[in-house]
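Chemist: I am sharing coords_3.cif, which consists of mmCIF, C-alpha atoms:
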```cif
data_data
#
loop_
_atom_site.label_atom_id
_atom_site.label_comp_id
_atom_site.auth_asym_id
_atom_site.auth_seq_id
_atom_site.Cartn_x
_atom_site.Cartn_y
_atom_site.Cartn_z
CA MET A 1 -20.75 -13.26 1.97
CA GLU A 2 -21.84 -9.97 3.48
CA THR A 3 -23.76 -7.13 1.87
CA VAL A 4 -22.46 -3.57 2.27
CA GLU A 5 -25.39 -1.29 3.04
CA HIS A 6 -23.50 2.00 3.41
CA CYS A 7 -20.50 3.36 1.53
CA GLU A 8 -17.43 3.02 3.74
CA VAL A 9 -16.16 6.49 2.81
CA CYS A 10 -19.23 8.75 2.64
CA GLY A 11 -22.04 6.67 4.15
CA GLY A 12 -24.10 6.80 0.96
CA THR A 13 -26.57 4.06 0.04
CA ASP A 14 -27.02 4.62 -3.71
CA PHE A 15 -24.75 2.33 -5.73
CA SER A 16 -24.52 1.59 -9.44
CA SER A 17 -23.35 -1.75 -10.85
CA LEU A 18 -20.01 -1.45 -12.59
CA MET A 19 -18.88 -4.93 -13.69
CA LYS A 20 -18.23 -8.44 -12.48
CA ALA A 21 -14.70 -9.56 -11.68
CA ARG A 22 -12.96 -12.77 -10.63
CA ASP A 23 -9.65 -13.94 -9.22
CA ARG A 24 -7.36 -13.94 -12.25
CA LEU A 25 -4.14 -14.16 -10.23
CA HIS A 26 -4.72 -17.47 -8.42
CA GLY A 27 -7.82 -18.68 -10.25
CA ILE A 28 -9.83 -19.33 -7.08
CA GLU A 29 -13.46 -19.91 -8.00
CA GLY A 30 -15.97 -17.11 -7.59
CA GLU A 31 -17.41 -14.07 -9.35
CA PHE A 32 -17.77 -10.71 -7.63
CA GLN A 33 -19.88 -7.66 -8.37
CA LEU A 34 -18.12 -4.29 -8.41
CA VAL A 35 -20.30 -1.30 -7.60
CA LYS A 36 -19.69 2.43 -7.52
CA CYS A 37 -21.03 4.85 -4.94
CA ARG A 38 -23.04 7.52 -6.78
CA ASN A 39 -22.22 10.07 -4.07
CA CYS A 40 -18.42 9.91 -3.64
CA GLY A 41 -17.24 7.60 -6.44
CA LEU A 42 -15.77 4.80 -4.30
CA VAL A 43 -15.62 1.48 -6.18
CA PHE A 44 -15.96 -1.68 -4.09
CA ILE A 45 -17.06 -5.32 -4.11
CA ASN A 46 -20.66 -5.83 -2.97
CA PRO A 47 -21.57 -8.35 -1.68
CA ARG A 48 -18.12 -9.33 -0.46
CA PRO A 49 -16.43 -12.14 1.50
CA ASP A 50 -16.48 -11.40 5.21
CA GLN A 51 -13.30 -11.34 7.28
CA GLU A 52 -13.36 -15.11 7.74
CA GLU A 53 -14.31 -16.03 4.17
CA ILE A 54 -11.64 -13.79 2.63
CA LYS A 55 -8.86 -15.95 4.09
CA ARG A 56 -9.30 -18.65 1.43
CA PHE A 57 -8.36 -16.11 -1.25
CA TYR A 58 -4.89 -15.72 0.29
CA PRO A 59 -3.31 -19.11 -0.56
CA SER A 60 0.08 -20.17 0.73
CA GLU A 61 1.71 -19.03 -2.53
CA TYR A 62 0.32 -15.49 -2.22
CA GLY A 63 3.39 -13.35 -2.95
CA PRO A 64 3.73 -10.94 -0.01
CA HIS A 65 3.10 -13.73 2.51
CA ALA A 66 5.12 -16.47 0.82
CA GLU A 67 8.24 -14.53 -0.06
CA ARG A 68 11.45 -15.73 1.53
CA PRO A 69 13.45 -12.75 2.75
CA GLY A 70 16.95 -12.72 1.38
CA PRO A 71 19.74 -10.33 2.33
CA SER A 72 18.23 -7.04 3.40
CA HIS A 73 18.17 -4.09 1.01
CA ALA A 74 20.58 -2.23 3.28
CA HIS A 75 23.20 -4.94 2.81
CA ARG A 76 23.08 -4.33 -0.92
CA GLN A 77 23.65 -0.58 -0.71
CA SER A 78 26.40 0.65 -3.01
CA PRO A 79 28.67 3.51 -1.93
CA LEU A 80 26.85 5.71 -4.44
CA ARG A 81 23.43 4.91 -2.98
CA ARG A 82 24.74 5.42 0.55
CA ARG A 83 26.09 8.85 -0.41
CA ILE A 84 22.72 9.81 -1.92
CA TYR A 85 20.95 8.68 1.26
CA SER A 86 23.33 10.81 3.31
CA LEU A 87 23.19 13.94 1.15
CA PHE A 88 19.45 14.06 0.43
CA TYR A 89 17.73 12.04 3.17
CA GLU A 90 19.85 12.69 6.30
CA TYR A 91 21.02 9.09 6.73
CA PRO A 92 24.29 8.41 8.57
CA PRO A 93 27.17 8.47 8.15
CA ARG A 94 27.00 12.13 7.27
CA ASP A 95 29.71 12.93 4.72
CA GLN A 96 30.66 16.61 4.86
CA ARG A 97 33.17 16.58 2.01
CA ASN A 98 32.02 19.02 -0.67
CA PRO A 99 28.30 18.42 0.06
CA VAL A 100 27.08 21.15 -2.32
CA VAL A 101 29.14 19.84 -5.21
CA PHE A 102 27.98 16.26 -4.67
CA ARG A 103 24.35 17.33 -4.31
CA VAL A 104 24.47 19.07 -7.69
CA LEU A 105 26.23 16.15 -9.37
CA LEU A 106 24.03 13.44 -7.88
CA LEU A 107 20.64 15.14 -8.13
CA PRO A 108 19.76 13.53 -11.51
CA VAL A 109 20.90 10.12 -10.24
CA LYS A 110 18.81 10.49 -7.08
CA TRP A 111 15.55 10.43 -9.03
CA VAL A 112 16.56 7.21 -10.77
CA ILE A 113 17.91 5.02 -7.95
CA ALA A 114 16.53 6.55 -4.73
CA ARG A 115 13.30 8.33 -5.53
CA ASN A 116 11.15 6.48 -2.97
CA VAL A 117 13.39 6.72 0.09
CA ILE A 118 11.82 7.69 3.42
CA PRO A 119 13.81 10.58 4.98
CA PHE A 120 15.73 9.61 8.12
CA ARG A 121 14.40 10.63 11.55
CA GLY A 122 17.16 9.54 13.87
CA THR A 123 16.16 6.38 15.70
CA GLY A 124 12.54 7.03 14.82
CA LYS A 125 9.85 4.40 15.08
CA ILE A 126 8.35 3.14 11.84
CA LEU A 127 5.27 0.91 11.50
CA ASP A 128 4.65 -1.06 8.30
CA ILE A 129 1.03 -2.26 8.13
CA GLY A 130 0.71 -5.37 5.97
CA SER A 131 4.44 -5.96 6.23
CA GLY A 132 4.49 -9.46 4.75
CA SER A 133 7.66 -11.37 5.52
CA GLY A 134 9.47 -8.29 6.79
CA SER A 135 12.24 -7.69 4.26
CA PHE A 136 11.40 -3.97 4.03
CA LEU A 137 11.47 -3.56 7.82
CA ALA A 138 14.70 -5.53 8.10
CA SER A 139 16.33 -3.09 5.68
CA MET A 140 14.96 -0.12 7.62
CA LYS A 141 16.42 -1.57 10.81
CA GLU A 142 19.82 -1.77 9.14
CA LEU A 143 19.47 1.88 8.17
CA GLY A 144 18.90 2.95 11.78
CA TRP A 145 15.12 2.84 12.26
CA ASP A 146 13.22 1.16 15.10
CA PRO A 147 10.84 -1.03 13.02
CA TYR A 148 7.45 -2.52 13.87
CA GLY A 149 5.20 -4.56 11.60
CA ILE A 150 1.67 -5.99 11.45
CA ASP A 151 0.33 -8.69 9.16
CA ILE A 152 -2.69 -10.99 9.01
CA SER A 153 -0.56 -13.99 8.03
CA PRO A 154 0.92 -15.94 10.98
CA GLU A 155 3.56 -17.44 8.67
CA ALA A 156 4.65 -14.01 7.43
CA VAL A 157 4.82 -12.71 11.01
CA GLU A 158 7.06 -15.63 12.00
CA ARG A 159 9.41 -15.02 9.08
CA ALA A 160 9.68 -11.32 9.91
CA GLN A 161 10.38 -12.05 13.57
CA SER A 162 13.27 -14.26 12.50
CA LEU A 163 14.84 -11.11 11.00
CA GLY A 164 14.73 -9.33 14.35
CA VAL A 165 11.67 -7.21 13.55
CA THR A 166 9.02 -6.50 16.20
CA MET A 167 5.88 -8.02 14.67
CA PHE A 168 2.20 -8.33 15.57
CA HIS A 169 -0.44 -10.60 14.09
CA GLY A 170 -3.78 -9.13 13.03
CA GLU A 171 -4.85 -5.64 12.01
CA VAL A 172 -3.69 -2.32 13.39
CA GLN A 173 -6.89 -1.95 15.45
CA ASP A 174 -6.02 -5.17 17.28
CA VAL A 175 -2.78 -3.86 18.80
CA PRO A 176 -3.01 -1.35 21.70
CA PHE A 177 -0.23 0.98 20.61
CA PRO A 178 0.09 4.16 22.71
CA GLU A 179 -1.18 7.40 21.22
CA GLY A 180 1.41 9.34 19.22
CA PHE A 181 3.87 6.44 19.15
CA PHE A 182 5.18 6.35 15.56
CA ASP A 183 7.17 8.82 13.45
CA VAL A 184 6.29 7.12 10.17
CA ILE A 185 3.56 4.64 9.20
CA THR A 186 3.41 2.92 5.82
CA LEU A 187 0.47 1.19 4.14
CA ARG A 188 1.87 -0.05 0.85
CA ALA A 189 -0.76 -1.91 -1.20
CA VAL A 190 -2.79 -2.49 1.97
CA LEU A 191 -5.75 -0.12 2.21
CA GLU A 192 -7.59 -1.78 -0.68
CA HIS A 193 -7.45 -5.11 1.22
CA VAL A 194 -8.93 -4.07 4.58
CA HIS A 195 -12.66 -4.32 5.24
CA HIS A 196 -12.85 -0.99 7.05
CA PRO A 197 -10.39 1.60 5.64
CA VAL A 198 -11.92 4.48 7.62
CA GLU A 199 -11.42 2.63 10.89
CA THR A 200 -7.87 1.74 9.85
CA LEU A 201 -6.88 5.32 9.01
CA CYS A 202 -8.48 6.71 12.18
CA GLU A 203 -6.35 4.34 14.22
CA VAL A 204 -3.28 5.31 12.19
CA HIS A 205 -4.06 8.95 12.99
CA ARG A 206 -4.26 8.16 16.71
CA ILE A 207 -0.92 6.33 16.97
CA LEU A 208 1.02 8.74 14.72
CA LYS A 209 3.08 11.54 16.25
CA ASP A 210 1.86 15.07 15.60
CA ARG A 211 4.64 15.74 13.09
CA GLY A 212 4.60 12.21 11.74
CA VAL A 213 4.12 11.14 8.13
CA VAL A 214 2.01 8.39 6.55
CA TYR A 215 2.77 6.82 3.17
CA VAL A 216 -0.22 5.15 1.48
CA VAL A 217 0.20 3.30 -1.82
CA VAL A 218 -2.97 2.18 -3.61
CA PRO A 219 -4.07 1.23 -7.14
CA ASN A 220 -5.70 4.03 -9.12
CA ILE A 221 -9.14 3.17 -10.49
CA ALA A 222 -8.99 6.38 -12.56
CA SER A 223 -5.98 5.07 -14.51
CA LEU A 224 -6.00 4.89 -18.28
CA ASN A 225 -5.22 1.17 -18.12
CA PHE A 226 -8.47 0.53 -16.23
CA ARG A 227 -10.39 2.51 -18.84
CA ILE A 228 -8.79 0.43 -21.59
CA PHE A 229 -8.83 -3.04 -20.04
CA GLY A 230 -11.84 -2.86 -17.72
CA ARG A 231 -12.40 -6.26 -16.07
CA PHE A 232 -8.98 -7.42 -17.32
CA TRP A 233 -7.12 -4.66 -15.44
CA TYR A 234 -4.57 -6.46 -13.30
CA ALA A 235 -5.04 -4.24 -10.22
CA LEU A 236 -8.69 -5.21 -9.74
CA GLU A 237 -7.43 -8.42 -8.12
CA ALA A 238 -10.88 -9.47 -6.92
CA PRO A 239 -11.78 -10.30 -4.25
CA ARG A 240 -8.57 -9.50 -2.34
CA HIS A 241 -8.91 -5.87 -3.41
CA LEU A 242 -12.18 -5.00 -1.73
CA TYR A 243 -11.90 -1.34 -2.78
CA ALA A 244 -10.58 0.68 -5.70
CA PHE A 245 -9.72 4.31 -4.99
CA SER A 246 -9.48 7.31 -7.29
CA PRO A 247 -7.40 10.37 -6.31
CA ASP A 248 -10.59 12.33 -5.52
CA VAL A 249 -11.85 9.57 -3.22
CA MET A 250 -8.47 9.29 -1.50
CA ARG A 251 -8.40 13.02 -0.77
CA PHE A 252 -11.91 12.84 0.66
CA LEU A 253 -10.97 9.80 2.75
CA ALA A 254 -7.80 11.48 4.04
CA LYS A 255 -9.70 14.58 5.12
CA LYS A 256 -12.41 12.51 6.79
CA THR A 257 -9.86 10.62 8.88
CA GLY A 258 -7.88 13.68 9.97
CA PHE A 259 -5.09 13.92 7.41
CA GLU A 260 -3.79 16.46 4.94
CA VAL A 261 -2.42 15.24 1.61
CA LEU A 262 1.12 16.58 1.17
CA SER A 263 1.69 14.92 -2.19
CA ALA A 264 0.31 12.34 -4.60
CA ARG A 265 3.02 10.69 -6.69
CA PHE A 266 2.21 8.33 -9.53
CA ARG A 267 4.65 5.41 -9.38
CA SER A 268 3.38 2.60 -11.55
CA SER A 269 5.05 -0.61 -12.74
CA THR A 270 5.18 -2.29 -16.11
CA LEU A 271 2.64 -4.85 -14.84
CA GLY A 272 -0.11 -2.39 -15.65
CA LEU A 273 0.32 -3.16 -19.31
CA ARG A 274 1.86 -6.64 -19.31
CA ALA A 275 -0.41 -8.39 -16.81
CA SER A 276 -3.57 -6.77 -18.17
CA LEU A 277 -2.66 -7.91 -21.67
CA GLN A 278 -2.00 -11.41 -20.34
CA TYR A 279 -5.40 -11.57 -18.59
CA TRP A 280 -7.09 -10.46 -21.79
CA TYR A 281 -5.12 -13.03 -23.80
CA ASP A 282 -5.88 -15.85 -21.34
CA ASP A 283 -9.57 -15.02 -21.39
CA ARG A 284 -9.68 -15.22 -25.19
CA ARG A 285 -7.76 -18.51 -25.19
CA GLY A 286 -9.72 -19.92 -22.26
CA PHE A 287 -6.78 -20.76 -19.99
CA ARG A 288 -4.39 -19.32 -17.43
CA GLY A 289 -0.76 -19.77 -18.33
CA GLU A 290 2.13 -18.45 -20.36
CA SER A 291 1.44 -15.78 -22.93
CA PRO A 292 3.67 -13.86 -25.34
CA PHE A 293 3.17 -10.75 -23.20
CA LYS A 294 4.86 -12.13 -20.10
CA SER A 295 8.32 -12.79 -21.50
CA SER A 296 8.42 -10.56 -24.56
CA THR A 297 11.32 -8.09 -24.47
CA VAL A 298 9.37 -5.79 -26.77
CA VAL A 299 6.36 -5.74 -24.45
CA ARG A 300 8.59 -5.17 -21.42
CA SER A 301 10.24 -2.19 -23.11
CA ALA A 302 6.89 -0.85 -24.26
CA GLY A 303 5.59 -1.29 -20.72
CA LYS A 304 8.36 0.92 -19.32
CA ILE A 305 7.63 3.66 -21.83
CA TRP A 306 3.87 3.38 -21.25
CA ARG A 307 4.29 3.40 -17.46
CA THR A 308 6.44 6.52 -17.56
CA ALA A 309 4.06 8.34 -19.88
CA MET A 310 1.02 7.46 -17.77
CA ASP A 311 2.70 8.60 -14.56
CA VAL A 312 3.75 11.90 -16.12
CA LEU A 313 0.16 12.43 -17.29
CA ARG A 314 -1.09 11.46 -13.80
CA MET A 315 -3.08 8.56 -15.21
CA GLY A 316 -0.89 5.73 -13.91
CA ASP A 317 -1.96 2.53 -12.16
CA THR A 318 -0.49 3.25 -8.73
CA VAL A 319 -0.36 6.36 -6.54
CA GLU A 320 1.69 7.01 -3.40
CA TYR A 321 0.05 9.53 -1.09
CA THR A 322 2.09 11.29 1.57
CA LEU A 323 -0.14 12.33 4.45
CA THR A 324 0.44 14.42 7.53
CA LYS A 325 -1.68 14.68 10.62
CA ASP A 326 -4.27 17.40 11.15
CA THR A 327 -3.48 18.00 14.82
CA SER A 328 -6.80 19.75 15.46
CA ILE A 329 -8.50 16.33 15.25
CA ARG A 330 -8.25 13.57 17.85
CA PHE A 331 -9.74 10.09 17.61
CA GLU A 332 -10.47 7.95 20.62
CA GLY A 333 -11.50 5.29 18.15
CA SER A 334 -12.93 4.84 14.69
CA PRO A 335 -16.39 6.23 13.98
CA GLY A 336 -19.22 3.74 14.02
CA ARG A 337 -17.23 0.57 14.58
CA VAL A 338 -15.34 0.99 17.79
CA LYS A 339 -16.09 -1.78 20.23
CA ASP A 340 -14.23 -0.17 23.11
CA SER A 341 -12.83 3.29 23.59
CA VAL A 342 -9.13 3.35 22.80
CA THR A 343 -8.50 5.20 26.04
CA SER A 344 -9.92 2.26 28.01
CA ARG A 345 -7.78 -0.37 26.31
CA SER A 346 -5.12 -2.11 28.30
CA ARG A 347 -1.74 -0.83 27.28
CA ALA A 348 1.02 -3.15 26.17
CA ASN A 349 4.56 -2.51 27.33
CA PHE A 350 6.42 -0.63 24.59
#
```
Reformat the file's structure so that it appears as structure tokens.
Modeler:
Amino acid sequence: METVEHCEVCGGTDFSSLMKARDRLHGIEGEFQLVKCRNCGLVFINPRPDQEEIKRFYPSEYGPHAERPGPSHAHRQSPLRRRIYSLFYEYPPRDQRNPVVFRVLLLPVKWVIARNVIPFRGTGKILDIGSGSGSFLASMKELGWDPYGIDISPEAVERAQSLGVTMFHGEVQDVPFPEGFFDVITLRAVLEHVHHPVETLCEVHRILKDRGVVYVVVPNIASLNFRIFGRFWYALEAPRHLYAFSPDVMRFLAKKTGFEVLSARFRSSTLGLRASLQYWYDDRRGFRGESPFKSSTVVRSAGKIWRTAMDVLRMGDTVEYTLTKDTSIRFEGSPGRVKDSVTSRSRANF
């Protein structure tokens, strides 16, 4: 275990104890103290497992690493979805028949079945950090992108490579990508896992093109579900989630690492209610297992209504931030933790 002396985001040293949490997903033994920085509001585990110790909390059955990629999402595209992609997101083939009429007719449908689509950028390069077994990148390849992925799991990297995706093992700081290499970079449910989010985002800034876009999806510690469930909130996921970000902290972090926040969209799932209820139920019963909340149709339906209401009120469990690069800032490396200047790294052949 290692003790965090300075807040990762603001550098502060004054922390307040928040609560203790444990691994409720896999039941791996251990109890972890959550603290809150009194200066910026960042919530994090302290002390925490170091980068070697944390590996035991990612068992072989851990979802993103263990998943077996099936047919890619692109192979399952219906003609309707393809038309929406073409009309609203510039994906080929471009259908010019009555585009205005179709845009008007399909606009309501777009928000239901294609609200999280990344707009097409020709044969643009996309990097997915924490890409798991690569199913997302395989689908992006089918849609015309040039995909790259990074993951800390060797098994996940191997599975993704079998899908024809260019993959790297480790963290983004470990791979000597050229400056300004990617059009789009995604960190979906990743930033809360990394030990040094500032270093990670500084490197993302360096390898992103000047007009590139970054999509960051993180749990929201300011959600109503966290206020209600506290230590039973499913998105705490200690100790894999080393950090818990609020929207204010994320905006501060984005600015510090050279980004502007274009949008913050709340896009939660029904797990916010269902899994938190199950953790609470299991704790009262003293076991981990089936509960009436997991399979109940009523709870599932209530979860959908609750999720929608919380997102509309901007109090949902999950937020997707769209960031763009502040081109007045350049990083040769990440502040305080750079072992070697990025400009002196040996370049790989890309």
Chemist: Is it possible to get the residues within 6 Å of (-20.5, -6.7, -1.4) (coordinates as in the file, counting all atoms listed in the file) written as a PyMOL selection string?
Modeler: chain A and resi 3-4+45-48
Chemist: So what do you get for atom CA of Trp280 of chain A versus atom CA of Ala238 of chain A, distance-wise?
Modeler: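 Between atom CA of Trp280 of chain A and atom CA of Ala238 of chain A the gap is 15.4 Å.
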Chemist: I would like the residues chosen by the PyMOL selection byres ((chain A and resi 162-175) around 7) on the shown file; could you give them as a PDB file with C-alpha atoms, keeping the file's coordinate frame?
Modeler:
```pdb
ATOM      1  CA  LEU A 137      11.470  -3.560   7.820  1.00  0.00           C
ATOM      2  CA  ALA A 138      14.700  -5.530   8.100  1.00  0.00           C
ATOM      3  CA  PRO A 147      10.840  -1.030  13.020  1.00  0.00           C
ATOM      4  CA  TYR A 148       7.450  -2.520  13.870  1.00  0.00           C
ATOM      5  CA  GLY A 149       5.200  -4.560  11.600  1.00  0.00           C
ATOM      6  CA  ILE A 150       1.670  -5.990  11.450  1.00  0.00           C
ATOM      7  CA  ASP A 151       0.330  -8.690   9.160  1.00  0.00           C
ATOM      8  CA  ILE A 152      -2.690 -10.990   9.010  1.00  0.00           C
ATOM      9  CA  SER A 153      -0.560 -13.990   8.030  1.00  0.00           C
ATOM     10  CA  PRO A 154       0.920 -15.940  10.980  1.00  0.00           C
ATOM     11  CA  VAL A 157       4.820 -12.710  11.010  1.00  0.00           C
ATOM     12  CA  GLU A 158       7.060 -15.630  12.000  1.00  0.00           C
ATOM     13  CA  ARG A 159       9.410 -15.020   9.080  1.00  0.00           C
ATOM     14  CA  ALA A 160       9.680 -11.320   9.910  1.00  0.00           C
ATOM     15  CA  GLN A 161      10.380 -12.050  13.570  1.00  0.00           C
ATOM     16  CA  PRO A 176      -3.010  -1.350  21.700  1.00  0.00           C
ATOM     17  CA  PHE A 177      -0.230   0.980  20.610  1.00  0.00           C
ATOM     18  CA  THR A 200      -7.870   1.740   9.850  1.00  0.00           C
ATOM     19  CA  GLU A 203      -6.350   4.340  14.220  1.00  0.00           C
TER      20      GLU A 203
END
```
Chemist: Skip Ile305 of chain A itself and residues of its chain fewer than 3 positions away, then list as a ChimeraX atom specification all residues within 12 Å of it, counting all atoms listed in the file.
Modeler: /A:268-270,272-273,298-302,308-312,316
Chemist: Name every residue that the PyMOL selection byres ((chain A and resi 253-256) around 10) selects in this structure, writing the answer as a ChimeraX atom specification with chains first and numbers rising.
Modeler: /A:8-10,40,42,197-198,201-202,245,247-252,257-261,321,323-326
Chemist: So which residues get picked by the PyMOL selection byres ((chain A and resi 25-35) around 9) here, written as a short mmCIF file (atom, residue, chain, number, x, y, z; two decimals) with C-alpha atoms, in the frame of the given file?
Modeler:
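Output file out-v1.cif is given in full below:
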```cif
data_model
loop_
_atom_site.label_atom_id
_atom_site.label_comp_id
_atom_site.auth_asym_id
_atom_site.auth_seq_id
_atom_site.Cartn_x
_atom_site.Cartn_y
_atom_site.Cartn_z
CA PHE A 15 -24.75 2.33 -5.73
CA SER A 16 -24.52 1.59 -9.44
CA SER A 17 -23.35 -1.75 -10.85
CA LEU A 18 -20.01 -1.45 -12.59
CA MET A 19 -18.88 -4.93 -13.69
CA LYS A 20 -18.23 -8.44 -12.48
CA ALA A 21 -14.70 -9.56 -11.68
CA ARG A 22 -12.96 -12.77 -10.63
CA ASP A 23 -9.65 -13.94 -9.22
CA ARG A 24 -7.36 -13.94 -12.25
CA LYS A 36 -19.69 2.43 -7.52
CA CYS A 37 -21.03 4.85 -4.94
CA LEU A 42 -15.77 4.80 -4.30
CA VAL A 43 -15.62 1.48 -6.18
CA PHE A 44 -15.96 -1.68 -4.09
CA ILE A 45 -17.06 -5.32 -4.11
CA ASN A 46 -20.66 -5.83 -2.97
CA PRO A 47 -21.57 -8.35 -1.68
CA ARG A 48 -18.12 -9.33 -0.46
CA ARG A 56 -9.30 -18.65 1.43
CA PHE A 57 -8.36 -16.11 -1.25
CA TYR A 58 -4.89 -15.72 0.29
CA PRO A 59 -3.31 -19.11 -0.56
CA GLU A 61 1.71 -19.03 -2.53
CA TYR A 62 0.32 -15.49 -2.22
CA TYR A 234 -4.57 -6.46 -13.30
CA GLU A 237 -7.43 -8.42 -8.12
CA ALA A 238 -10.88 -9.47 -6.92
CA PRO A 239 -11.78 -10.30 -4.25
CA LEU A 242 -12.18 -5.00 -1.73
CA TYR A 243 -11.90 -1.34 -2.78
CA TYR A 279 -5.40 -11.57 -18.59
CA ARG A 288 -4.39 -19.32 -17.43
#
```
Chemist: Complete segment 11-27 of chain A with N, CA and C atoms (output as a PDB file, in the frame of the given file).
Modeler:
```pdb
ATOM      1  N   GLY A  11     -20.795   7.094   3.509  1.00  0.00           N
ATOM      2  CA  GLY A  11     -22.040   6.670   4.150  1.00  0.00           C
ATOM      3  C   GLY A  11     -23.226   6.587   3.217  1.00  0.00           C
ATOM      4  N   GLY A  12     -23.011   6.829   1.934  1.00  0.00           N
ATOM      5  CA  GLY A  12     -24.100   6.800   0.960  1.00  0.00           C
ATOM      6  C   GLY A  12     -24.682   5.404   0.788  1.00  0.00           C
ATOM      7  N   THR A  13     -25.886   5.350   0.237  1.00  0.00           N
ATOM      8  CA  THR A  13     -26.570   4.060   0.040  1.00  0.00           C
ATOM      9  C   THR A  13     -26.986   3.816  -1.413  1.00  0.00           C
ATOM     10  N   ASP A  14     -26.623   4.726  -2.305  1.00  0.00           N
ATOM     11  CA  ASP A  14     -27.020   4.620  -3.710  1.00  0.00           C
ATOM     12  C   ASP A  14     -25.824   4.160  -4.530  1.00  0.00           C
ATOM     13  N   PHE A  15     -25.867   2.909  -4.991  1.00  0.00           N
ATOM     14  CA  PHE A  15     -24.750   2.330  -5.730  1.00  0.00           C
ATOM     15  C   PHE A  15     -25.186   1.940  -7.136  1.00  0.00           C
ATOM     16  N   SER A  16     -24.267   2.055  -8.080  1.00  0.00           N
ATOM     17  CA  SER A  16     -24.520   1.590  -9.440  1.00  0.00           C
ATOM     18  C   SER A  16     -23.621   0.396  -9.734  1.00  0.00           C
ATOM     19  N   SER A  17     -24.148  -0.577 -10.478  1.00  0.00           N
ATOM     20  CA  SER A  17     -23.350  -1.750 -10.850  1.00  0.00           C
ATOM     21  C   SER A  17     -22.316  -1.356 -11.889  1.00  0.00           C
ATOM     22  N   LEU A  18     -21.096  -1.816 -11.687  1.00  0.00           N
ATOM     23  CA  LEU A  18     -20.010  -1.450 -12.590  1.00  0.00           C
ATOM     24  C   LEU A  18     -19.633  -2.602 -13.509  1.00  0.00           C
ATOM     25  N   MET A  19     -19.262  -3.742 -12.919  1.00  0.00           N
ATOM     26  CA  MET A  19     -18.880  -4.930 -13.690  1.00  0.00           C
ATOM     27  C   MET A  19     -18.706  -6.090 -12.729  1.00  0.00           C
ATOM     28  N   LYS A  20     -18.569  -7.270 -13.275  1.00  0.00           N
ATOM     29  CA  LYS A  20     -18.230  -8.440 -12.480  1.00  0.00           C
ATOM     30  C   LYS A  20     -16.763  -8.766 -12.688  1.00  0.00           C
ATOM     31  N   ALA A  21     -16.120  -9.237 -11.621  1.00  0.00           N
ATOM     32  CA  ALA A  21     -14.700  -9.560 -11.680  1.00  0.00           C
ATOM     33  C   ALA A  21     -14.463 -10.900 -10.984  1.00  0.00           C
ATOM     34  N   ARG A  22     -13.308 -11.510 -11.277  1.00  0.00           N
ATOM     35  CA  ARG A  22     -12.960 -12.770 -10.630  1.00  0.00           C
ATOM     36  C   ARG A  22     -11.463 -12.785 -10.331  1.00  0.00           C
ATOM     37  N   ASP A  23     -11.046 -13.807  -9.599  1.00  0.00           N
ATOM     38  CA  ASP A  23      -9.650 -13.940  -9.220  1.00  0.00           C
ATOM     39  C   ASP A  23      -8.838 -14.456 -10.396  1.00  0.00           C
ATOM     40  N   ARG A  24      -8.163 -13.559 -11.089  1.00  0.00           N
ATOM     41  CA  ARG A  24      -7.360 -13.940 -12.250  1.00  0.00           C
ATOM     42  C   ARG A  24      -5.922 -14.265 -11.863  1.00  0.00           C
ATOM     43  N   LEU A  25      -5.520 -13.892 -10.652  1.00  0.00           N
ATOM     44  CA  LEU A  25      -4.140 -14.160 -10.230  1.00  0.00           C
ATOM     45  C   LEU A  25      -3.952 -15.607  -9.802  1.00  0.00           C
ATOM     46  N   HIS A  26      -4.835 -16.103  -8.922  1.00  0.00           N
ATOM     47  CA  HIS A  26      -4.720 -17.470  -8.420  1.00  0.00           C
ATOM     48  C   HIS A  26      -5.796 -18.401  -8.969  1.00  0.00           C
ATOM     49  N   GLY A  27      -6.792 -17.849  -9.641  1.00  0.00           N
ATOM     50  CA  GLY A  27      -7.820 -18.680 -10.250  1.00  0.00           C
ATOM     51  C   GLY A  27      -8.770 -19.341  -9.272  1.00  0.00           C
TER      52      GLY A  27
END
```
